[in-house]
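A.B. asks: So here's final39.cif (mmCIF, C-alpha atoms and all ligand atoms).
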data_model
#
loop_
_atom_site.group_PDB
_atom_site.id
_atom_site.type_symbol
_atom_site.label_atom_id
_atom_site.label_comp_id
_atom_site.auth_asym_id
_atom_site.auth_seq_id
_atom_site.Cartn_x
_atom_site.Cartn_y
_atom_site.Cartn_z
ATOM 1 C CA MET A 1 27.990 -14.929 3.906
ATOM 2 C CA ILE A 2 25.827 -13.243 1.251
ATOM 3 C CA SER A 3 27.617 -10.912 -1.155
ATOM 4 C CA LEU A 4 26.097 -7.453 -1.538
ATOM 5 C CA GLN A 5 27.751 -6.635 -4.858
ATOM 6 C CA LYS A 6 25.755 -4.191 -6.992
ATOM 7 C CA GLY A 7 22.938 -5.861 -8.871
ATOM 8 C CA GLU A 8 23.432 -9.271 -7.249
ATOM 9 C CA LEU A 9 21.034 -8.905 -4.359
ATOM 10 C CA LEU A 10 18.142 -7.023 -5.969
ATOM 11 C CA GLY A 11 18.991 -7.272 -9.663
ATOM 12 C CA THR A 12 15.387 -6.723 -10.731
ATOM 13 C CA THR A 13 12.924 -3.940 -11.515
ATOM 14 C CA LEU A 14 9.859 -2.657 -9.689
ATOM 15 C CA PRO A 15 7.373 -3.956 -12.317
ATOM 16 C CA GLU A 16 8.740 -7.482 -11.727
ATOM 17 C CA LEU A 17 8.184 -7.279 -7.958
ATOM 18 C CA ILE A 18 4.943 -5.380 -7.500
ATOM 19 C CA ILE A 19 1.447 -6.728 -6.902
ATOM 20 C CA PRO A 20 -0.366 -5.264 -9.955
ATOM 21 C CA ALA A 21 -3.187 -2.741 -9.443
ATOM 22 C CA GLU A 22 -5.925 -5.167 -10.515
ATOM 23 C CA ARG A 23 -4.983 -7.496 -7.627
ATOM 24 C CA VAL A 24 -4.769 -4.782 -4.965
ATOM 25 C CA ALA A 25 -7.782 -4.199 -2.701
ATOM 26 C CA HIS A 26 -8.583 -0.474 -2.729
ATOM 27 C CA VAL A 27 -11.322 2.057 -2.015
ATOM 28 C CA GLN A 28 -12.495 5.170 -3.857
ATOM 29 C CA VAL A 29 -12.179 8.747 -2.555
ATOM 30 C CA ARG A 30 -15.976 9.175 -2.374
ATOM 31 C CA ASN A 31 -16.770 5.815 -0.739
ATOM 32 C CA ASN A 32 -18.223 6.179 2.745
ATOM 33 C CA LEU A 33 -16.312 4.964 5.798
ATOM 34 C CA GLU A 34 -18.657 2.039 6.272
ATOM 35 C CA HIS A 35 -17.604 0.643 2.884
ATOM 36 C CA ALA A 36 -13.903 1.246 3.642
ATOM 37 C CA LEU A 37 -14.199 -0.515 7.006
ATOM 38 C CA LEU A 38 -15.884 -3.457 5.286
ATOM 39 C CA VAL A 39 -13.058 -3.735 2.734
ATOM 40 C CA LEU A 40 -10.372 -3.511 5.434
ATOM 41 C CA THR A 41 -12.107 -6.052 7.680
ATOM 42 C CA LYS A 42 -12.892 -8.546 4.904
ATOM 43 C CA THR A 43 -9.354 -8.439 3.434
ATOM 44 C CA GLY A 44 -7.596 -8.338 6.810
ATOM 45 C CA TYR A 45 -5.190 -5.626 5.576
ATOM 46 C CA THR A 46 -4.181 -2.824 7.931
ATOM 47 C CA ALA A 47 -4.351 -0.156 5.200
ATOM 48 C CA VAL A 48 -5.376 0.047 1.531
ATOM 49 C CA PRO A 49 -4.811 2.611 -1.265
ATOM 50 C CA VAL A 50 -7.413 5.288 -2.062
ATOM 51 C CA LEU A 51 -8.019 5.906 -5.775
ATOM 52 C CA ASP A 52 -10.282 8.117 -7.904
ATOM 53 C CA PRO A 53 -12.416 6.868 -10.801
ATOM 54 C CA LYS A 54 -9.445 7.444 -13.171
ATOM 55 C CA TYR A 55 -7.317 5.140 -10.989
ATOM 56 C CA GLN A 56 -5.152 8.024 -9.782
ATOM 57 C CA LEU A 57 -3.616 7.556 -6.342
ATOM 58 C CA HIS A 58 -4.800 9.957 -3.590
ATOM 59 C CA GLY A 59 -3.763 8.369 -0.294
ATOM 60 C CA LEU A 60 -4.082 5.471 2.119
ATOM 61 C CA ILE A 61 -6.777 4.603 4.620
ATOM 62 C CA SER A 62 -6.472 2.368 7.687
ATOM 63 C CA THR A 63 -8.850 0.909 10.262
ATOM 64 C CA THR A 64 -7.165 2.972 12.981
ATOM 65 C CA GLN A 65 -7.867 6.240 11.111
ATOM 66 C CA ILE A 66 -11.513 5.271 10.599
ATOM 67 C CA MET A 67 -12.052 4.324 14.253
ATOM 68 C CA ASP A 68 -10.288 7.479 15.393
ATOM 69 C CA SER A 69 -12.566 9.632 13.229
ATOM 70 C CA ILE A 70 -15.757 8.258 14.824
ATOM 71 C CA LEU A 71 -14.586 8.410 18.444
ATOM 72 C CA GLY A 72 -16.925 10.673 20.385
ATOM 73 C CA LEU A 73 -16.345 11.954 23.891
ATOM 74 C CA GLU A 74 -18.313 9.172 25.543
ATOM 75 C CA ARG A 75 -18.919 6.574 22.857
ATOM 76 C CA ILE A 76 -18.012 5.387 19.385
ATOM 77 C CA GLU A 77 -20.402 7.170 17.003
ATOM 78 C CA PHE A 78 -20.990 4.343 14.515
ATOM 79 C CA GLU A 79 -23.728 6.287 12.717
ATOM 80 C CA ARG A 80 -21.015 8.598 11.327
ATOM 81 C CA LEU A 81 -19.560 5.729 9.279
ATOM 82 C CA GLU A 82 -22.331 6.210 6.734
ATOM 83 C CA GLU A 83 -22.079 10.015 6.664
ATOM 84 C CA MET A 84 -18.316 10.497 6.271
ATOM 85 C CA VAL A 85 -16.314 9.754 3.127
ATOM 86 C CA VAL A 86 -12.829 8.301 2.705
ATOM 87 C CA GLU A 87 -11.190 11.512 1.472
ATOM 88 C CA ASP A 88 -12.137 13.242 4.770
ATOM 89 C CA VAL A 89 -9.977 10.942 6.868
ATOM 90 C CA MET A 90 -7.398 9.303 4.571
ATOM 91 C CA ASN A 91 -3.682 9.964 4.910
ATOM 92 C CA LYS A 92 -2.570 12.073 1.933
ATOM 93 C CA ILE A 93 1.127 12.080 2.768
ATOM 94 C CA ILE A 94 2.158 8.572 1.839
ATOM 95 C CA PRO A 95 5.259 6.734 0.629
ATOM 96 C CA ARG A 96 5.054 6.464 -3.165
ATOM 97 C CA LEU A 97 7.399 5.605 -6.006
ATOM 98 C CA ASN A 98 7.393 5.981 -9.766
ATOM 99 C CA VAL A 99 7.332 2.676 -11.634
ATOM 100 C CA ASN A 100 10.736 3.562 -13.147
ATOM 101 C CA ASP A 101 12.407 4.114 -9.763
ATOM 102 C CA SER A 102 14.931 1.559 -8.537
ATOM 103 C CA VAL A 103 14.130 -1.392 -6.297
ATOM 104 C CA GLU A 104 16.747 -0.042 -3.878
ATOM 105 C CA ASN A 105 14.595 3.107 -3.429
ATOM 106 C CA GLY A 106 11.714 0.787 -2.579
ATOM 107 C CA LEU A 107 13.809 -1.144 -0.085
ATOM 108 C CA GLU A 108 14.702 2.090 1.697
ATOM 109 C CA LEU A 109 11.019 3.079 2.084
ATOM 110 C CA LEU A 110 10.035 -0.415 3.230
ATOM 111 C CA VAL A 111 12.209 -0.035 6.322
ATOM 112 C CA ASP A 112 9.523 2.247 7.749
ATOM 113 C CA HIS A 113 6.405 1.119 5.846
ATOM 114 C CA PRO A 114 4.860 -2.337 5.276
ATOM 115 C CA PHE A 115 4.137 -1.450 1.633
ATOM 116 C CA VAL A 116 4.749 1.335 -0.889
ATOM 117 C CA CYS A 117 2.380 2.506 -3.648
ATOM 118 C CA ILE A 118 3.726 2.595 -7.196
ATOM 119 C CA GLU A 119 2.404 5.014 -9.815
ATOM 120 C CA ASN A 120 3.241 5.976 -13.409
ATOM 121 C CA ASP A 121 4.151 9.429 -14.777
ATOM 122 C CA GLU A 122 0.439 10.398 -14.901
ATOM 123 C CA HIS A 123 0.018 9.421 -11.224
ATOM 124 C CA VAL A 124 -2.057 6.433 -12.248
ATOM 125 C CA PHE A 125 -1.815 3.645 -9.668
ATOM 126 C CA GLU A 126 0.259 0.668 -10.922
ATOM 127 C CA GLY A 127 0.366 -1.513 -7.797
ATOM 128 C CA ILE A 128 2.158 -1.974 -4.490
ATOM 129 C CA LEU A 129 5.605 -3.133 -3.411
ATOM 130 C CA THR A 130 5.379 -5.084 -0.146
ATOM 131 C CA ARG A 131 7.963 -6.173 2.403
ATOM 132 C CA ARG A 132 6.934 -9.736 1.601
ATOM 133 C CA SER A 133 7.891 -9.462 -2.091
ATOM 134 C CA ILE A 134 11.322 -8.001 -1.255
ATOM 135 C CA LEU A 135 11.952 -10.665 1.404
ATOM 136 C CA GLU A 136 10.868 -13.443 -0.979
ATOM 137 C CA ARG A 137 13.305 -12.138 -3.584
ATOM 138 C CA LEU A 138 16.102 -11.922 -1.032
ATOM 139 C CA ASN A 139 15.362 -15.448 0.190
ATOM 140 C CA THR A 140 15.512 -16.835 -3.373
ATOM 141 C CA GLN A 141 18.841 -15.084 -3.974
ATOM 142 C CA ILE A 142 20.325 -16.447 -0.748
ATOM 143 C CA GLN A 143 19.196 -20.001 -1.524
ATOM 144 C CA LYS A 144 20.639 -19.770 -5.053
ATOM 145 C CA GLN A 145 23.929 -18.572 -3.638
ATOM 146 C CA ASN A 146 24.037 -21.337 -1.032
ATOM 147 C CA LYS A 147 23.566 -23.974 -3.750
ATOM 148 C CA SER A 148 26.314 -22.631 -6.008
HETATM 149 P P1 LIG A 201 2.611 -8.209 3.258
HETATM 150 O O1 LIG A 201 4.037 -7.772 3.110
HETATM 151 O O2 LIG A 201 2.149 -9.156 2.199
HETATM 152 O O3 LIG A 201 2.311 -8.700 4.654
HETATM 153 O O4 LIG A 201 1.693 -6.907 3.052
HETATM 154 C C1 LIG A 201 1.879 -5.759 3.848
HETATM 155 C C2 LIG A 201 0.688 -4.837 3.704
HETATM 156 O O5 LIG A 201 0.525 -4.509 2.323
HETATM 157 C C3 LIG A 201 -0.661 -5.401 4.137
HETATM 158 O O6 LIG A 201 -0.925 -5.250 5.515
HETATM 159 C C4 LIG A 201 -1.624 -4.546 3.339
HETATM 160 O O7 LIG A 201 -1.854 -3.309 3.986
HETATM 161 C C5 LIG A 201 -0.859 -4.320 2.050
HETATM 162 N N1 LIG A 201 -1.259 -5.315 1.033
HETATM 163 C C6 LIG A 201 -0.630 -6.471 0.698
HETATM 164 N N2 LIG A 201 -1.268 -7.115 -0.298
HETATM 165 C C7 LIG A 201 -2.346 -6.338 -0.621
HETATM 166 C C8 LIG A 201 -3.417 -6.447 -1.580
HETATM 167 N N3 LIG A 201 -3.522 -7.485 -2.437
HETATM 168 N N4 LIG A 201 -4.342 -5.459 -1.596
HETATM 169 C C9 LIG A 201 -4.255 -4.393 -0.761
HETATM 170 N N5 LIG A 201 -3.271 -4.240 0.154
HETATM 171 C C10 LIG A 201 -2.333 -5.187 0.238
#
Go ahead and express the file in the form of structure tokens.
Ligand code: AMP
C.D. replies:
Amino acid sequence: MISLQKGELLGTTLPELIIPAERVAHVQVRNNLEHALLVLTKTGYTAVPVLDPKYQLHGLISTTQIMDSILGLERIEFERLEEMVVEDVMNKIIPRLNVNDSVENGLELLVDHPFVCIENDEHVFEGILTRRSILERLNTQIQKQNKS
């Protein structure tokens, strides 16, 4: 059975586990919804971070939110994709952590969210912590323990 002694399971820091900002697909607050839908469809991700030109984190946007925002009474109003911008429909209340927070704080948030955004003290986006990266780490630890 795996031991859960302090530091043994997740003895690492957030910067070691996150996907860095330059490798994270994102959109800008003033991009239109057509662009955001293109990014989401091309990458296959369910949601991506929304940043401003200074790389500060403002929220998350998902395909579901975009489709919901263009649903008319009788049809989907695709023409609105070009007119509306990301900041009109994005989710502003999102799980976020400071880069100096503990990995355990990240683990707690990942119970309810597939990924968590990480920012620095100036709210500049540093990257994301995903369920995959935590599970990979856990898997490595378990395999190491089984070998010893
Ligand atoms: P994963 O744990 O790798 O399946 O990722 C969970 C979620 O994190 C995905 O559905 C995306 O919304 C987000 N995600 C993962 N990797 C990236 C990336 N490189 N860029 C943007 N979003 C990502």
A.B. asks: Evaluating the PyMOL selection byres (((not hetatm)) within 9 of (chain A and resi 201)) on the displayed file yields which residues, as a PyMOL selection string?
C.D. replies: chain A and resi 19-26+40+43-49+62+113-116+127-135
A.B. asks: If you keep C-alpha atoms, can you produce a file of those selected residues as a compact mmCIF listing (two decimals), in the frame of the given file?
C.D. replies:
# COMPACT_ATOMS: atom_id res chain seq x y z
CA ILE A 19 1.45 -6.73 -6.90
CA PRO A 20 -0.37 -5.26 -9.96
CA ALA A 21 -3.19 -2.74 -9.44
CA GLU A 22 -5.92 -5.17 -10.52
CA ARG A 23 -4.98 -7.50 -7.63
CA VAL A 24 -4.77 -4.78 -4.96
CA ALA A 25 -7.78 -4.20 -2.70
CA HIS A 26 -8.58 -0.47 -2.73
CA LEU A 40 -10.37 -3.51 5.43
CA THR A 43 -9.35 -8.44 3.43
CA GLY A 44 -7.60 -8.34 6.81
CA TYR A 45 -5.19 -5.63 5.58
CA THR A 46 -4.18 -2.82 7.93
CA ALA A 47 -4.35 -0.16 5.20
CA VAL A 48 -5.38 0.05 1.53
CA PRO A 49 -4.81 2.61 -1.26
CA SER A 62 -6.47 2.37 7.69
CA HIS A 113 6.40 1.12 5.85
CA PRO A 114 4.86 -2.34 5.28
CA PHE A 115 4.14 -1.45 1.63
CA VAL A 116 4.75 1.34 -0.89
CA GLY A 127 0.37 -1.51 -7.80
CA ILE A 128 2.16 -1.97 -4.49
CA LEU A 129 5.60 -3.13 -3.41
CA THR A 130 5.38 -5.08 -0.15
CA ARG A 131 7.96 -6.17 2.40
CA ARG A 132 6.93 -9.74 1.60
CA SER A 133 7.89 -9.46 -2.09
CA ILE A 134 11.32 -8.00 -1.25
CA LEU A 135 11.95 -10.66 1.40
A.B. asks: I'd like the residues picked by the PyMOL selection byres (((chain A and resi 101) around 12) and not hetatm) written out as a ChimeraX atom specification, using the chain letters and numbers from the file.
C.D. replies: /A:12-15,96-100,102-109,117-121,129
A.B. asks: Would you output that residue set with C-alpha atoms, as an mmCIF file, in the coordinates of the input?
C.D. replies:
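Result saved to selection_20.cif:
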data_model
loop_
_atom_site.group_PDB
_atom_site.id
_atom_site.type_symbol
_atom_site.label_atom_id
_atom_site.label_comp_id
_atom_site.auth_asym_id
_atom_site.auth_seq_id
_atom_site.Cartn_x
_atom_site.Cartn_y
_atom_site.Cartn_z
ATOM 1 C CA THR A 12 15.387 -6.723 -10.731
ATOM 2 C CA THR A 13 12.924 -3.940 -11.515
ATOM 3 C CA LEU A 14 9.859 -2.657 -9.689
ATOM 4 C CA PRO A 15 7.373 -3.956 -12.317
ATOM 5 C CA ARG A 96 5.054 6.464 -3.165
ATOM 6 C CA LEU A 97 7.399 5.605 -6.006
ATOM 7 C CA ASN A 98 7.393 5.981 -9.766
ATOM 8 C CA VAL A 99 7.332 2.676 -11.634
ATOM 9 C CA ASN A 100 10.736 3.562 -13.147
ATOM 10 C CA SER A 102 14.931 1.559 -8.537
ATOM 11 C CA VAL A 103 14.130 -1.392 -6.297
ATOM 12 C CA GLU A 104 16.747 -0.042 -3.878
ATOM 13 C CA ASN A 105 14.595 3.107 -3.429
ATOM 14 C CA GLY A 106 11.714 0.787 -2.579
ATOM 15 C CA LEU A 107 13.809 -1.144 -0.085
ATOM 16 C CA GLU A 108 14.702 2.090 1.697
ATOM 17 C CA LEU A 109 11.019 3.079 2.084
ATOM 18 C CA CYS A 117 2.380 2.506 -3.648
ATOM 19 C CA ILE A 118 3.726 2.595 -7.196
ATOM 20 C CA GLU A 119 2.404 5.014 -9.815
ATOM 21 C CA ASN A 120 3.241 5.976 -13.409
ATOM 22 C CA ASP A 121 4.151 9.429 -14.777
ATOM 23 C CA LEU A 129 5.605 -3.133 -3.411
#
A.B. asks: Using the chain letters and numbers from the file, which residues does the PyMOL selection byres (((chain A and resi 30) around 9) and not hetatm) grab, as a ChimeraX atom specification?
C.D. replies: /A:27-29,31-32,52,85-87
A.B. asks: Quick one: pull the distance between atom CA of Lys92 of chain A and atom CA of Glu16 of chain A, Å, one decimal.
C.D. replies: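 Atom CA of Glu16 of chain A lies at a distance of 26.4 Å from atom CA of Lys92 of chain A.
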A.B. asks: Could you check which of A:Met84, A:Ile76, A:Ala36, A:Leu51 is closest to Thr63 of chain A, using all atoms listed in the file?
C.D. replies: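 Of all the options, A:Ala36 lies closest to Thr63 of chain A.
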A.B. asks: Please report the interatomic distance between atom CA of Leu138 of chain A and atom CA of Leu17 of chain A in Å with one decimal.
C.D. replies: 11.5 Å
A.B. asks: What is the atom CA of Leu110 of chain A-atom CA of Leu60 of chain A distance in Å, reported with one decimal?
C.D. replies: 15.3 Å
A.B. asks: Could you check the closest approach to Glu79 of chain A for each of A:Leu38, A:Ile18, A:Ile142, A:Leu33 and tell me which residue wins, using all atoms listed in the file?
C.D. replies: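 Once distances to Glu79 of chain A are computed over all atoms listed in the file, the minimum belongs to A:Leu33.
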A.B. asks: Scan for residues within 12 Å of the point (-14.8, 8.0, 13.7) in the coordinates of the file, using only C-alpha atoms, and reply as a PDB file with C-alpha atoms, keeping the file's coordinate frame.
C.D. replies:
ATOM      1  CA  ASN A  32     -18.223   6.179   2.745  1.00  0.00           C
ATOM      2  CA  LEU A  33     -16.312   4.964   5.798  1.00  0.00           C
ATOM      3  CA  GLU A  34     -18.657   2.039   6.272  1.00  0.00           C
ATOM      4  CA  LEU A  37     -14.199  -0.515   7.006  1.00  0.00           C
ATOM      5  CA  SER A  62      -6.472   2.368   7.687  1.00  0.00           C
ATOM      6  CA  THR A  63      -8.850   0.909  10.262  1.00  0.00           C
ATOM      7  CA  THR A  64      -7.165   2.972  12.981  1.00  0.00           C
ATOM      8  CA  GLN A  65      -7.867   6.240  11.111  1.00  0.00           C
ATOM      9  CA  ILE A  66     -11.513   5.271  10.599  1.00  0.00           C
ATOM     10  CA  MET A  67     -12.052   4.324  14.253  1.00  0.00           C
ATOM     11  CA  ASP A  68     -10.288   7.479  15.393  1.00  0.00           C
ATOM     12  CA  SER A  69     -12.566   9.632  13.229  1.00  0.00           C
ATOM     13  CA  ILE A  70     -15.757   8.258  14.824  1.00  0.00           C
ATOM     14  CA  LEU A  71     -14.586   8.410  18.444  1.00  0.00           C
ATOM     15  CA  GLY A  72     -16.925  10.673  20.385  1.00  0.00           C
ATOM     16  CA  LEU A  73     -16.345  11.954  23.891  1.00  0.00           C
ATOM     17  CA  ARG A  75     -18.919   6.574  22.857  1.00  0.00           C
ATOM     18  CA  ILE A  76     -18.012   5.387  19.385  1.00  0.00           C
ATOM     19  CA  GLU A  77     -20.402   7.170  17.003  1.00  0.00           C
ATOM     20  CA  PHE A  78     -20.990   4.343  14.515  1.00  0.00           C
ATOM     21  CA  GLU A  79     -23.728   6.287  12.717  1.00  0.00           C
ATOM     22  CA  ARG A  80     -21.015   8.598  11.327  1.00  0.00           C
ATOM     23  CA  LEU A  81     -19.560   5.729   9.279  1.00  0.00           C
ATOM     24  CA  GLU A  82     -22.331   6.210   6.734  1.00  0.00           C
ATOM     25  CA  GLU A  83     -22.079  10.015   6.664  1.00  0.00           C
ATOM     26  CA  MET A  84     -18.316  10.497   6.271  1.00  0.00           C
ATOM     27  CA  VAL A  85     -16.314   9.754   3.127  1.00  0.00           C
ATOM     28  CA  VAL A  86     -12.829   8.301   2.705  1.00  0.00           C
ATOM     29  CA  ASP A  88     -12.137  13.242   4.770  1.00  0.00           C
ATOM     30  CA  VAL A  89      -9.977  10.942   6.868  1.00  0.00           C
ATOM     31  CA  MET A  90      -7.398   9.303   4.571  1.00  0.00           C
TER      32      MET A  90
END
A.B. asks: Missing atoms in segment 73-84 of chain A need filling: write out all heavy atoms for it as a short mmCIF file (atom, residue, chain, number, x, y, z; two decimals), keeping the file's coordinate frame.
C.D. replies:
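As written to disk, result-v1.cif reads:
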data_model
loop_
_atom_site.label_atom_id
_atom_site.label_comp_id
_atom_site.auth_asym_id
_atom_site.auth_seq_id
_atom_site.Cartn_x
_atom_site.Cartn_y
_atom_site.Cartn_z
N LEU A 73 -16.89 11.74 22.54
CA LEU A 73 -16.34 11.95 23.89
C LEU A 73 -16.68 10.79 24.82
O LEU A 73 -15.89 10.39 25.66
CB LEU A 73 -16.90 13.26 24.48
CG LEU A 73 -16.24 14.54 23.97
CD1 LEU A 73 -16.85 15.76 24.62
CD2 LEU A 73 -14.72 14.50 24.20
N GLU A 74 -17.89 10.23 24.62
CA GLU A 74 -18.31 9.17 25.54
C GLU A 74 -18.57 7.84 24.88
O GLU A 74 -18.76 6.83 25.55
CB GLU A 74 -19.58 9.62 26.28
CG GLU A 74 -19.26 10.69 27.30
CD GLU A 74 -20.48 11.23 27.99
OE1 GLU A 74 -21.58 10.69 27.76
OE2 GLU A 74 -20.32 12.21 28.73
N ARG A 75 -18.64 7.84 23.54
CA ARG A 75 -18.92 6.57 22.86
C ARG A 75 -18.40 6.62 21.43
O ARG A 75 -18.04 7.69 20.93
CB ARG A 75 -20.42 6.26 22.88
CG ARG A 75 -21.24 7.26 22.12
CD ARG A 75 -22.72 6.93 22.15
NE ARG A 75 -23.40 7.73 21.13
CZ ARG A 75 -23.59 7.35 19.88
NH1 ARG A 75 -23.21 6.14 19.49
NH2 ARG A 75 -24.18 8.14 19.01
N ILE A 76 -18.39 5.44 20.80
CA ILE A 76 -18.01 5.39 19.39
C ILE A 76 -19.27 5.69 18.57
O ILE A 76 -20.29 5.01 18.73
CB ILE A 76 -17.45 3.99 19.03
CG1 ILE A 76 -16.21 3.70 19.88
CG2 ILE A 76 -17.07 3.94 17.56
CD1 ILE A 76 -15.67 2.29 19.73
N GLU A 77 -19.21 6.72 17.73
CA GLU A 77 -20.40 7.17 17.00
C GLU A 77 -20.52 6.46 15.65
O GLU A 77 -20.21 7.01 14.59
CB GLU A 77 -20.34 8.70 16.85
CG GLU A 77 -20.38 9.38 18.23
CD GLU A 77 -20.00 10.84 18.22
OE1 GLU A 77 -19.55 11.36 17.17
OE2 GLU A 77 -20.12 11.48 19.28
N PHE A 78 -20.95 5.20 15.71
CA PHE A 78 -20.99 4.34 14.52
C PHE A 78 -21.84 4.93 13.39
O PHE A 78 -21.59 4.67 12.22
CB PHE A 78 -21.49 2.94 14.87
CG PHE A 78 -20.47 2.12 15.59
CD1 PHE A 78 -20.62 1.85 16.95
CD2 PHE A 78 -19.35 1.62 14.95
CE1 PHE A 78 -19.66 1.10 17.64
CE2 PHE A 78 -18.40 0.87 15.62
CZ PHE A 78 -18.56 0.62 16.97
N GLU A 79 -22.85 5.72 13.74
CA GLU A 79 -23.73 6.29 12.72
C GLU A 79 -22.97 7.21 11.75
O GLU A 79 -23.40 7.43 10.62
CB GLU A 79 -24.92 7.03 13.36
CG GLU A 79 -24.60 8.26 14.19
CD GLU A 79 -24.14 7.94 15.62
OE1 GLU A 79 -23.94 6.75 15.94
OE2 GLU A 79 -23.96 8.89 16.40
N ARG A 80 -21.80 7.70 12.20
CA ARG A 80 -21.02 8.60 11.33
C ARG A 80 -20.31 7.85 10.19
O ARG A 80 -19.86 8.46 9.23
CB ARG A 80 -20.00 9.39 12.16
CG ARG A 80 -20.71 10.39 13.07
CD ARG A 80 -19.78 11.01 14.06
NE ARG A 80 -18.77 11.84 13.41
CZ ARG A 80 -17.69 12.30 14.01
NH1 ARG A 80 -17.46 11.99 15.26
NH2 ARG A 80 -16.84 13.06 13.38
N LEU A 81 -20.21 6.53 10.33
CA LEU A 81 -19.56 5.73 9.28
C LEU A 81 -20.24 5.93 7.93
O LEU A 81 -19.60 5.95 6.88
CB LEU A 81 -19.60 4.24 9.63
CG LEU A 81 -18.65 3.76 10.72
CD1 LEU A 81 -18.91 2.30 11.03
CD2 LEU A 81 -17.20 3.96 10.29
N GLU A 82 -21.55 6.07 7.98
CA GLU A 82 -22.33 6.21 6.73
C GLU A 82 -22.23 7.63 6.17
O GLU A 82 -22.29 7.84 4.97
CB GLU A 82 -23.80 5.92 7.06
CG GLU A 82 -24.41 4.84 6.20
CD GLU A 82 -25.87 4.68 6.54
OE1 GLU A 82 -26.18 4.49 7.74
OE2 GLU A 82 -26.70 4.78 5.62
N GLU A 83 -22.05 8.60 7.08
CA GLU A 83 -22.08 10.02 6.66
C GLU A 83 -20.73 10.50 6.12
O GLU A 83 -20.68 11.35 5.24
CB GLU A 83 -22.45 10.90 7.86
CG GLU A 83 -23.84 10.66 8.41
CD GLU A 83 -23.95 11.05 9.88
OE1 GLU A 83 -23.04 11.72 10.40
OE2 GLU A 83 -24.95 10.65 10.51
N MET A 84 -19.64 9.97 6.65
CA MET A 84 -18.32 10.50 6.27
C MET A 84 -17.73 9.72 5.10
O MET A 84 -18.00 8.53 4.93
CB MET A 84 -17.36 10.43 7.46
CG MET A 84 -17.78 11.36 8.58
SD MET A 84 -16.83 11.06 10.07
CE MET A 84 -15.26 11.75 9.60
#
